[in-house]
Structures are given as structure tokens and as C-alpha cells.
>>> print(open('query.csv').read())   # CSV, C-alpha atoms and all ligand atoms
chain,number,residue,atom,x,y,z
A,1,MET,CA,136.2,8.8,100.8
A,2,ALA,CA,135.5,7.9,104.4
A,3,ALA,CA,132.4,5.8,103.7
A,4,GLY,CA,133.1,2.1,103.4
A,5,ARG,CA,136.4,2.2,105.2
A,6,VAL,CA,137.3,-1.0,107.1
A,7,VAL,CA,138.3,-0.1,110.6
A,8,LEU,CA,140.7,-2.1,112.8
A,9,GLY,CA,140.2,-1.5,116.5
A,10,ILE,CA,142.8,-2.3,119.1
A,11,GLU,CA,142.1,-2.7,122.9
A,12,SER,CA,144.8,-3.2,125.5
A,13,SER,CA,143.8,-1.1,128.5
A,14,CYS,CA,143.8,-4.0,131.0
A,15,ASP,CA,144.4,-7.7,130.7
A,16,GLU,CA,142.7,-8.4,127.3
A,17,THR,CA,144.5,-7.8,124.0
A,18,GLY,CA,141.7,-7.3,121.5
A,19,ALA,CA,141.6,-6.7,117.8
A,20,GLY,CA,138.2,-6.1,116.0
A,21,ILE,CA,137.3,-5.3,112.5
A,22,VAL,CA,134.2,-3.2,111.7
A,23,SER,CA,132.8,-1.5,108.6
A,24,GLN,CA,129.7,0.5,108.3
A,25,GLY,CA,128.4,-0.6,111.7
A,26,ARG,CA,129.0,-4.3,110.8
A,27,LEU,CA,131.2,-6.5,112.8
A,28,LEU,CA,133.5,-8.4,110.4
A,29,ALA,CA,135.7,-10.2,113.0
A,30,HIS,CA,137.2,-10.0,116.4
A,31,ALA,CA,139.8,-11.9,118.4
A,32,VAL,CA,140.8,-11.6,122.0
A,33,ALA,CA,143.8,-12.9,124.0
A,34,SER,CA,143.6,-12.7,127.8
A,35,SER,CA,146.4,-12.7,130.3
A,36,MET,CA,143.9,-13.3,133.1
A,37,ASP,CA,145.4,-16.7,134.0
A,38,GLU,CA,148.8,-15.1,134.6
A,39,HIS,CA,147.3,-12.7,137.1
A,40,ALA,CA,145.1,-15.2,139.0
A,41,ARG,CA,147.7,-16.2,141.6
A,42,PHE,CA,148.2,-12.5,142.5
A,43,GLY,CA,144.4,-12.0,142.9
A,44,GLY,CA,144.4,-9.0,140.6
A,45,VAL,CA,145.9,-7.6,137.4
A,46,VAL,CA,149.7,-7.0,137.6
A,47,PRO,CA,150.4,-4.1,135.3
A,48,GLU,CA,153.9,-5.2,134.1
A,49,ILE,CA,152.6,-8.8,133.3
A,50,ALA,CA,149.7,-7.3,131.4
A,51,ALA,CA,151.9,-5.0,129.3
A,52,ARG,CA,154.3,-7.9,128.5
A,53,ALA,CA,151.4,-10.1,127.5
A,54,HIS,CA,150.0,-7.4,125.2
A,55,LEU,CA,153.4,-7.3,123.5
A,56,HIS,CA,153.3,-11.1,122.9
A,57,SER,CA,149.6,-11.2,121.8
A,58,PHE,CA,149.4,-8.0,119.6
A,59,THR,CA,150.5,-9.5,116.3
A,60,PRO,CA,148.8,-12.9,116.6
A,61,VAL,CA,145.5,-11.3,117.7
A,62,VAL,CA,145.5,-8.8,114.8
A,63,ARG,CA,146.4,-11.6,112.4
A,64,HIS,CA,143.7,-13.8,113.8
A,65,ALA,CA,141.0,-11.1,113.3
A,66,LEU,CA,142.2,-10.4,109.7
A,67,ASP,CA,142.1,-14.2,108.9
A,68,GLN,CA,138.6,-14.5,110.4
A,69,ALA,CA,137.4,-11.6,108.2
A,70,GLY,CA,139.3,-12.9,105.1
A,71,LEU,CA,141.1,-9.6,104.8
A,72,LYS,CA,144.6,-8.4,104.3
A,73,LEU,CA,146.3,-5.6,106.2
A,74,SER,CA,146.1,-3.5,103.1
A,75,ASP,CA,142.3,-3.7,103.3
A,76,ILE,CA,142.4,-1.7,106.5
A,77,GLY,CA,141.3,1.9,106.0
A,78,ALA,CA,141.6,3.3,109.5
A,79,VAL,CA,143.0,2.2,112.9
A,80,ALA,CA,141.3,3.0,116.2
A,81,VAL,CA,143.0,2.3,119.5
A,82,THR,CA,142.1,2.7,123.2
A,83,THR,CA,144.2,5.6,124.5
A,84,GLY,CA,142.6,5.7,127.9
A,85,PRO,CA,141.6,5.1,130.6
A,86,GLY,CA,143.6,2.1,131.7
A,87,LEU,CA,147.0,0.7,132.8
A,88,SER,CA,149.7,2.9,131.5
A,89,GLY,CA,152.1,0.3,130.2
A,90,ALA,CA,149.3,-1.8,128.7
A,91,LEU,CA,147.9,1.2,126.9
A,92,GLN,CA,151.4,2.2,125.6
A,93,VAL,CA,151.8,-1.2,124.0
A,94,GLY,CA,148.5,-1.1,122.2
A,95,LEU,CA,149.0,2.5,121.0
A,96,ALA,CA,152.6,1.8,119.8
A,97,GLY,CA,151.2,-1.2,117.8
A,98,ALA,CA,148.2,0.7,116.4
A,99,ARG,CA,150.3,3.7,115.5
A,100,THR,CA,152.8,1.6,113.7
A,101,LEU,CA,150.1,-0.1,111.7
A,102,ALA,CA,148.3,3.1,110.8
A,103,TYR,CA,151.6,4.9,109.9
A,104,GLY,CA,152.8,1.9,107.8
A,105,LEU,CA,149.5,1.6,106.0
A,106,ASP,CA,149.1,5.4,105.6
A,107,VAL,CA,145.6,5.4,107.1
A,108,PRO,CA,144.2,7.6,109.8
A,109,LEU,CA,144.6,6.8,113.5
A,110,TYR,CA,141.8,7.5,116.1
A,111,GLY,CA,142.3,7.5,119.9
A,112,VAL,CA,139.3,6.1,121.6
A,113,HIS,CA,137.9,6.3,125.1
A,114,HIS,CA,137.7,2.8,126.5
A,115,LEU,CA,134.2,3.4,128.0
A,116,ALA,CA,132.8,4.8,124.8
A,117,GLY,CA,134.0,1.5,123.3
A,118,HIS,CA,131.8,-0.4,125.8
A,119,VAL,CA,128.8,1.8,124.8
A,120,ALA,CA,129.5,1.3,121.1
A,121,ALA,CA,129.8,-2.5,121.5
A,122,ASP,CA,126.0,-2.7,121.6
A,123,THR,CA,125.6,-1.1,118.2
A,124,LEU,CA,127.3,-4.2,116.6
A,125,GLU,CA,124.5,-6.3,117.8
A,126,HIS,CA,121.5,-4.0,117.9
A,127,GLY,CA,122.2,-1.3,115.4
A,128,PRO,CA,122.6,2.5,115.9
A,129,LEU,CA,121.8,3.8,119.4
A,130,PRO,CA,118.6,5.8,119.6
A,131,ASP,CA,119.1,9.5,120.4
A,132,PRO,CA,118.8,10.0,123.3
A,133,CYS,CA,119.4,6.9,125.4
A,134,VAL,CA,120.4,6.2,129.0
A,135,VAL,CA,123.5,4.1,129.3
A,136,LEU,CA,124.5,2.2,132.4
A,137,ILE,CA,128.2,1.4,132.3
A,138,VAL,CA,129.3,-1.2,134.8
A,139,SER,CA,132.8,-2.4,134.6
A,140,GLY,CA,135.7,-3.3,136.8
A,141,GLY,CA,136.9,0.3,137.2
A,142,HIS,CA,133.8,2.4,136.4
A,143,THR,CA,130.1,2.6,137.2
A,144,SER,CA,128.3,5.5,135.5
A,145,LEU,CA,124.8,6.5,134.4
A,146,LEU,CA,125.1,8.4,131.1
A,147,LEU,CA,122.8,10.4,128.8
A,148,VAL,CA,124.0,9.6,125.3
A,149,ARG,CA,123.0,11.4,122.2
A,150,ASP,CA,125.2,11.1,119.1
A,151,LEU,CA,128.1,9.0,120.4
A,152,ALA,CA,130.5,10.2,117.7
A,153,ARG,CA,129.7,13.9,117.9
A,154,ASP,CA,128.0,15.0,121.1
A,155,PRO,CA,129.4,15.3,124.6
A,156,ILE,CA,128.5,12.5,126.9
A,157,VAL,CA,126.4,13.7,129.9
A,158,HIS,CA,127.2,12.0,133.2
A,159,LEU,CA,124.0,11.7,135.2
A,160,GLY,CA,125.8,9.9,138.0
A,161,ASP,CA,128.9,8.1,138.8
A,162,THR,CA,130.2,5.9,141.7
A,163,LEU,CA,131.5,7.8,144.6
A,164,ASP,CA,134.0,5.0,145.5
A,165,ASP,CA,134.3,1.5,144.2
A,166,ALA,CA,132.9,0.3,140.9
A,167,ALA,CA,130.4,-2.5,140.8
A,168,GLY,CA,132.9,-4.9,139.3
A,169,GLU,CA,135.5,-4.0,141.8
A,170,CYS,CA,133.0,-4.8,144.6
A,171,PHE,CA,132.4,-8.2,143.1
A,172,ASP,CA,136.1,-8.8,142.7
A,173,LYS,CA,137.0,-7.8,146.2
A,174,VAL,CA,134.2,-9.6,147.9
A,175,ALA,CA,134.9,-12.8,145.9
A,176,ARG,CA,138.4,-12.7,147.4
A,177,VAL,CA,137.0,-12.5,150.9
A,178,PHE,CA,134.6,-15.4,150.1
A,179,GLY,CA,137.5,-17.5,148.9
A,180,LEU,CA,136.3,-17.5,145.3
A,181,PRO,CA,138.8,-17.3,142.4
A,182,TYR,CA,139.8,-14.3,140.4
A,183,PRO,CA,138.2,-12.7,138.5
A,184,GLY,CA,135.5,-12.4,141.1
A,185,GLY,CA,132.5,-11.3,139.1
A,186,PRO,CA,132.0,-14.4,137.1
A,187,ALA,CA,132.9,-16.5,140.2
A,188,ILE,CA,130.2,-14.7,142.2
A,189,ASP,CA,127.7,-15.2,139.4
A,190,ARG,CA,128.4,-19.0,139.3
A,191,ALA,CA,128.3,-19.4,143.1
A,192,ALA,CA,125.0,-17.4,143.2
A,193,ARG,CA,123.2,-20.0,141.1
A,194,SER,CA,122.7,-22.3,144.0
A,195,GLY,CA,122.2,-19.6,146.6
A,196,ASP,CA,119.2,-17.7,148.1
A,197,PRO,CA,119.2,-14.0,147.1
A,198,ARG,CA,117.1,-13.2,150.2
A,199,ALA,CA,119.4,-15.1,152.6
A,200,VAL,CA,121.4,-12.0,153.7
A,201,ALA,CA,119.9,-8.5,153.9
A,202,PHE,CA,122.8,-6.5,152.4
A,203,PRO,CA,122.3,-2.7,152.2
A,204,ARG,CA,121.1,-0.9,149.1
A,205,PRO,CA,123.5,2.1,149.2
A,206,LEU,CA,122.3,5.6,148.2
A,207,THR,CA,118.7,4.6,147.6
A,208,GLY,CA,117.1,6.7,150.4
A,209,PRO,CA,114.7,9.6,149.5
A,210,LYS,CA,117.4,12.2,150.3
A,211,ASP,CA,120.2,10.5,148.4
A,212,ASP,CA,121.4,11.5,144.9
A,213,PRO,CA,119.2,9.3,142.7
A,214,TYR,CA,121.9,8.5,140.2
A,215,ALA,CA,125.1,8.3,142.3
A,216,PHE,CA,126.4,4.9,143.3
A,217,SER,CA,128.5,3.7,146.2
A,218,PHE,CA,129.7,0.1,146.6
A,219,SER,CA,132.4,0.3,149.3
A,220,GLY,CA,129.8,0.0,152.1
A,221,LEU,CA,128.3,-3.0,150.5
A,222,LYS,CA,131.8,-4.5,150.1
A,223,THR,CA,132.4,-3.9,153.8
A,224,ALA,CA,129.0,-5.4,154.8
A,225,ALA,CA,129.8,-8.5,152.8
A,226,ALA,CA,133.3,-8.8,154.4
A,227,ARG,CA,131.7,-8.3,157.9
A,228,TRP,CA,129.1,-11.0,157.1
A,229,ALA,CA,131.9,-13.4,156.1
A,230,GLU,CA,134.0,-12.6,159.3
A,231,GLY,CA,130.9,-13.3,161.3
A,232,HIS,CA,131.2,-17.0,160.2
A,233,ALA,CA,134.8,-17.4,161.4
A,234,GLY,CA,135.4,-20.9,162.4
A,235,ARG,CA,132.2,-22.1,160.7
A,236,ASP,CA,131.4,-23.0,157.1
A,237,LEU,CA,130.7,-19.9,155.1
A,238,PRO,CA,127.5,-20.3,153.1
A,239,VAL,CA,129.2,-18.8,150.0
A,240,ALA,CA,126.3,-19.4,147.6
A,241,ASP,CA,123.8,-17.5,149.8
A,242,GLY,CA,126.3,-14.7,150.3
A,243,ALA,CA,127.1,-14.5,146.6
A,244,ALA,CA,123.4,-14.5,145.6
A,245,SER,CA,122.5,-11.9,148.2
A,246,LEU,CA,125.4,-9.6,147.1
A,247,GLN,CA,124.5,-10.0,143.4
A,248,GLU,CA,120.9,-9.2,144.2
A,249,ALA,CA,121.9,-6.0,146.1
A,250,VAL,CA,124.2,-4.8,143.3
A,251,ALA,CA,121.6,-5.7,140.5
A,252,ASP,CA,118.8,-4.0,142.5
A,253,VAL,CA,120.7,-0.7,143.0
A,254,LEU,CA,122.0,-0.6,139.5
A,255,THR,CA,118.7,-1.2,137.8
A,256,ARG,CA,116.6,0.9,140.2
A,257,LYS,CA,118.8,4.0,139.5
A,258,ALA,CA,119.0,3.3,135.7
A,259,LEU,CA,115.2,3.0,135.5
A,260,ALA,CA,114.8,6.2,137.5
A,261,ALA,CA,117.2,8.0,135.1
A,262,CYS,CA,115.1,6.8,132.1
A,263,ARG,CA,111.8,7.9,133.7
A,264,ASP,CA,113.1,11.3,134.9
A,265,HIS,CA,114.6,12.1,131.5
A,266,GLY,CA,111.7,10.8,129.5
A,267,VAL,CA,114.0,8.3,127.7
A,268,GLY,CA,112.6,5.1,126.2
A,269,THR,CA,115.8,3.0,125.9
A,270,LEU,CA,118.2,1.7,128.5
A,271,VAL,CA,121.5,0.3,127.4
A,272,VAL,CA,123.5,-1.7,129.9
A,273,VAL,CA,127.2,-2.3,129.0
A,274,GLY,CA,130.6,-3.2,130.5
A,275,GLY,CA,131.9,-6.4,132.1
A,276,VAL,CA,129.3,-6.5,134.8
A,277,ALA,CA,126.5,-6.4,132.1
A,278,ALA,CA,127.6,-10.0,131.7
A,279,ASN,CA,126.1,-10.8,135.2
A,280,SER,CA,123.1,-13.0,134.9
A,281,ARG,CA,121.1,-11.3,137.6
A,282,VAL,CA,121.9,-7.8,136.4
A,283,ARG,CA,120.6,-8.9,133.0
A,284,SER,CA,117.5,-10.6,134.2
A,285,LEU,CA,116.5,-7.9,136.7
A,286,ALA,CA,117.0,-5.2,134.1
A,287,GLU,CA,114.8,-7.2,131.7
A,288,GLU,CA,112.1,-7.6,134.3
A,289,ARG,CA,112.1,-4.0,135.3
A,290,CYS,CA,112.3,-2.6,131.8
A,291,ALA,CA,109.5,-4.8,130.6
A,292,ALA,CA,107.3,-3.7,133.6
A,293,ALA,CA,108.1,0.0,132.9
A,294,GLY,CA,107.6,-0.3,129.1
A,295,LEU,CA,111.2,0.5,128.4
A,296,ARG,CA,113.4,-1.0,125.7
A,297,LEU,CA,116.4,-2.7,127.1
A,298,ARG,CA,119.6,-3.3,125.1
A,299,VAL,CA,122.5,-5.4,126.4
A,300,PRO,CA,125.3,-6.5,124.2
A,301,PRO,CA,126.0,-10.3,123.8
A,302,MET,CA,128.3,-11.6,126.6
A,303,THR,CA,131.4,-11.8,124.4
A,304,LEU,CA,131.1,-8.0,123.6
A,305,CYS,CA,130.4,-7.0,127.3
A,306,THR,CA,133.9,-7.7,128.5
A,307,ASP,CA,136.9,-5.9,127.0
A,308,ASN,CA,137.5,-6.6,123.3
A,309,GLY,CA,138.8,-4.9,120.1
A,310,ALA,CA,135.4,-4.9,118.3
A,311,MET,CA,134.0,-2.2,120.6
A,312,ILE,CA,137.0,0.1,119.8
A,313,ALA,CA,136.6,-0.6,116.1
A,314,ALA,CA,132.9,0.2,116.5
A,315,VAL,CA,133.8,3.7,117.9
A,316,GLY,CA,136.4,4.2,115.1
A,317,ASP,CA,133.8,3.3,112.5
A,318,LEU,CA,131.4,5.9,114.0
A,319,LEU,CA,134.1,8.5,114.1
A,320,VAL,CA,135.1,7.8,110.5
A,321,ARG,CA,131.5,8.0,109.3
A,322,SER,CA,130.9,11.2,111.2
A,323,GLY,CA,133.9,12.9,109.6
A,324,ALA,CA,135.8,13.3,112.9
A,325,GLN,CA,139.4,14.5,112.8
A,326,PRO,CA,141.9,11.7,113.3
A,327,ALA,CA,144.4,11.8,116.1
A,328,PRO,CA,147.9,13.4,115.5
A,329,TRP,CA,150.7,10.9,115.1
A,330,ASP,CA,152.1,12.0,118.5
A,331,VAL,CA,148.9,11.3,120.3
A,332,SER,CA,149.6,10.0,123.8
A,333,ILE,CA,147.8,7.7,126.3
A,334,ASP,CA,145.8,9.2,129.1
A,335,PRO,CA,145.5,6.5,131.8
A,336,SER,CA,142.8,8.4,133.8
A,337,ALA,CA,140.9,10.1,130.9
A,338,PRO,CA,137.5,11.3,132.0
A,339,LEU,CA,134.6,10.2,129.8
A,340,ALA,CA,133.5,13.4,127.9
A,341,TYR,CA,133.7,12.4,124.3
A,342,ALA,CA,134.1,9.1,122.5
A,343,ALA,CA,137.3,10.3,120.8
A,344,LEU,CA,140.0,11.3,123.1
A,345,GLN,CA,140.5,14.8,121.8
A,346,PRO,CA,143.4,15.3,119.4
A,347,ARG,CA,145.2,18.6,119.9
A,348,ALA,CA,144.0,20.6,116.9
A,349,ALA,CA,147.3,22.2,116.1
A,350,THR,CA,149.1,18.9,115.4
A,351,ALA,CA,146.1,17.0,114.0
A,352,ARG,CA,146.5,15.9,110.4
A,353,ALA,CA,143.9,15.6,107.7
A,354,ALA,CA,142.6,12.1,106.9
B,1,LIG,O1,134.5,-4.1,131.3
B,1,LIG,P1,135.5,-5.1,131.8
B,1,LIG,O2,135.8,-6.3,131.0
B,1,LIG,O3,136.9,-4.4,132.2
B,1,LIG,C1,137.0,-3.1,132.6
B,1,LIG,O4,136.9,-2.2,131.8
B,1,LIG,O5,137.0,-2.9,133.9
B,1,LIG,O6,134.9,-5.5,133.2
B,1,LIG,C2,135.6,-6.4,134.1
B,1,LIG,C3,134.7,-6.5,135.3
B,1,LIG,C4,135.4,-7.3,136.4
B,1,LIG,O7,135.3,-6.6,137.7
B,1,LIG,C5,134.7,-8.6,136.4
B,1,LIG,O8,134.7,-9.3,137.7
B,1,LIG,C6,133.3,-8.2,136.0
B,1,LIG,O9,133.5,-7.2,135.0
B,1,LIG,N1,132.5,-9.3,135.5
B,1,LIG,C7,131.4,-9.7,136.1
B,1,LIG,C8,130.9,-10.8,135.3
B,1,LIG,N2,131.7,-11.0,134.2
B,1,LIG,C9,132.7,-10.0,134.3
B,1,LIG,N3,130.7,-9.3,137.2
B,1,LIG,C10,129.7,-10.0,137.6
B,1,LIG,N4,129.2,-11.1,136.9
B,1,LIG,C11,129.7,-11.5,135.8
B,1,LIG,N5,129.2,-12.5,135.1
B,2,ZN,ZN,136.3,-2.4,130.0
>>> encode(input="query.csv", output="C-alpha cells")
Amino acid sequence: MAAGRVVLGIESSCDETGAGIVSQGRLLAHAVASSMDEHARFGGVVPEIAARAHLHSFTPVVRHALDQAGLKLSDIGAVAVTTGPGLSGALQVGLAGARTLAYGLDVPLYGVHHLAGHVAADTLEHGPLPDPCVVLIVSGGHTSLLLVRDLARDPIVHLGDTLDDAAGECFDKVARVFGLPYPGGPAIDRAARSGDPRAVAFPRPLTGPKDDPYAFSFSGLKTAAARWAEGHAGRDLPVADGAASLQEAVADVLTRKALAACRDHGVGTLVVVGGVAANSRVRSLAEERCAAAGLRLRVPPMTLCTDNGAMIAAVGDLLVRSGAQPAPWDVSIDPSAPLAYAALQPRAATARAA
């Protein structure tokens, strides 16, 4: 019987090792270990360091989640794991651990698309997603506007994607130029608190009447911010004003396009997910604009915005409950998997029954 299964979710696509436990849409526990501090002096994630850190953290993080939930390994009825996209070595460690657990426990294994995990994270706080909804995914590696129906069953429709850098990538790279610590997004957010968002007139890329209404581009904004910083050579850089103005430009473009997508598709709910959904201005501007437009806004709590295992367990739980076919035991990682379905498709010939 699939119903009532307790699903363990494992996330290891970047620098966070996450384990989450979900059953019937309910979050029972989750634990995250981050290797962020080990990457800080390099100014970005070092793949080999991340993979090694996952190896160290895997067992303690799973143990921690089980303890929090008051469960034993034998209570786990299915294992879901991020199989892509992400860093190859990092994904390999998570998949090896998850496969071992599932095989040892004789429970089904599900390969999950990391970005679908970000979408499902919101269901743990706000319940099932309305069908349809518009989802804005803003993370370190991706920026996409999606039309989502049944996340476990239906194909995910891309209304628009970034043509170059992701929003988080833009924050991370500009933060470096501004002399702010890694990771850049939270540092820009903090610095922006004491700045004037109107101090610098940064561009709003792809918002002209002839532009694709749902496509994003952040590399020009990144360059504009770098030029602005260079223009202060030899003088003190007003970092707070630069950070506030950059954040305003990113939040303006993201929310403008997301609202246009809702309006054009007659959709009443906007869901904003991914690491950049933790940004205070993205959240507040989305709230203001959705309220003005009569749209319902859903944003996961901060701890579920950045990478975690609960979001992967949430997808696993949806897949289990929809009767989806588990992954074959020889399922492999796909570091650049496009987002088409929540489950990274198992090859039918080798798939086994649950
Ligand atoms: O979703 P996520 O945890 O990992 C990926 O799947 O990429 O997103 C990480 C990204 C990083 O670029 C980080 O700088 C950004 O999310 N981020 C933020 C904030 N918190 C995290 N960006 C802006 N403001 C924040 N408060
Ligand atoms: Zn992510």
C-alpha cells in the first residue's frame, strides 16, 4: 500500500547535505549540514570539497532527521533523492547513499529533479498546489517562470527562462565585486537594509514592449553593477546603496514578469521558490504587487527556500501518492537535467515495481 508511506528525501546537489522526512504532505523532520564555510575563501563552491563534505555529513544528517521525527530507519517506506541537476560528484554521493538505504530497507527509490523539489517545498507549509499555478523559481543556478499543473503527473511548462545568468548568480557575482562575503545573496540583502534602492538607476533587462515578456537576463545587470563599482575606484564605494539598488532591480524584474504570466494565463496563484525567494525585497515586492493585483502569493518559509532534504521528500511523497513508478536500481545522475517532470524519468525497461 503506497498510502501512508514515510518518505526520506536526500539532497546533495550543491553545498548542502539535506535529509527530510515527509508523509502524506506533512513534514515530520529535516536536517541540513552545509559546507558553505569551507568554500567561502574560494569565493564559490568547490565541487570536490562539496562532494567530500556530503560523504562526511550523509549519515549524521539522516540520523538527525530520524531522531527529530522519533523514527527508526525501518519506518522509512520510500527514499527520494536528487539525481539532477547539480554538481556531478556531489550528486553521486547523495545517490549512492540513498540507493544503499533503499536497497537495504527494500523500499522503492525515486530520482527527483532538484528544481521540482524547490516547487514542492511550498506544499509543506501551505498545502497542495492549486492547479494551475504560476511558479517563479529563482535560485543560484536557475531562473524560470513555470506553469505547473499536477506536479507529480503533468509535464512542467516553461513560460520563460533566463537567457544567461540566474538571479542568484547575479547577486553572488556582484557581491564579490562589492567586496561582500560569499554567499553573495544574503550579504547583498543585509547590506541593502541601510541603502537607498533609488540611489543607482540600474537597468531592468528585457522589460521593453518588444521583449519576451517571460524571459530573463541578468548578465547585463551584473555588468552594470560592476561598472558602477569601477566608477568609484579610489573612492569609498557606497555598498549599501549599490546593494539596495541592485536588489530593487532584480526584485522589480522578477515580480513584474511573474505577475504578467499570472495575468496572461488567467492564473490566480503565484508561487515563488528557490534560494532567492529568501530575499527580503523579492518577498515584500511580490507581496505588494500580488495584493494590488488580487493574486494569492505563496512563498515557503526561509528555511525551506534554500536547498534542503524536506523538499525532495515532498516530491517523493507526491510521487508515491500518485502511484508513480520508482527509479530502477541503476538510475544515474544527470548533472544538467532539464526540468520537464518532477521525477527524473526512469528507463521503463529496467524499472521495477514498488
Ligand atoms: O536554491 P539555492 O539554495 O541553491 C540552488 O539551487 O542554486 O539558491 C542559492 C542562491 C545563491 O545564489 C544565494 O546567493 C541566493 O540563493 N540567496 C539569496 C538570499 N539567500 C540565498 N539571494 C538573495 N537574497 C537572499 N536573502
Ligand atoms: Zn536549489
>>> closest_residue(input="query.csv", among="A:Val6, A:Val331, A:Ala121, A:Ala29", to="Ala277 in chain A", atoms="all atoms listed in the file")
A:Ala121
>>> closest_residue(input="query.csv", among="A:Asp241, A:Glu230, A:Glu16, A:Asp252", to="ligand LIG 1 (chain B)", atoms="all atoms listed in the file")
A:Glu16
>>> closest_residue(input="query.csv", among="A:Cys170, A:Val267, A:Val135, A:Val46", to="ligand LIG 1 (chain B)", atoms="only C-alpha atoms and all ligand atoms")
A:Cys170
>>> atom_distance(input="query.csv", atom1="CA of Phe178 in chain A", atom2="atom N3 of ligand LIG 1 (chain B)")
14.8 Å
>>> residues_around(input="query.csv", residues="Ile49 in chain A", least_positions_apart="4", cutoff="8 Å", atoms="all atoms listed in the file", output="PDB file with C-alpha atoms, in the coordinates of the input")
ATOM      1  CA  SER A  35     146.400 -12.700 130.300  1.00  0.00           C
ATOM      2  CA  GLU A  38     148.800 -15.100 134.600  1.00  0.00           C
ATOM      3  CA  HIS A  39     147.300 -12.700 137.100  1.00  0.00           C
ATOM      4  CA  VAL A  45     145.900  -7.600 137.400  1.00  0.00           C
ATOM      5  CA  ALA A  53     151.400 -10.100 127.500  1.00  0.00           C
TER       6      ALA A  53
END
>>> closest_residue(input="query.csv", among="A:Gly140, A:Gly208, A:Pro300, A:Pro130", to="ligand ZN 2 (chain B)", atoms="only C-alpha atoms and all ligand atoms")
A:Gly140
>>> residues_near_ligand(input="query.csv", ligand="ligand LIG 1 (chain B)", cutoff="8 Å", atoms="all atoms listed in the file", output="number ranges by chain")
A: 13-14, 86, 114-115, 118, 138-142, 166-172, 182-190, 247, 273-280, 305-308
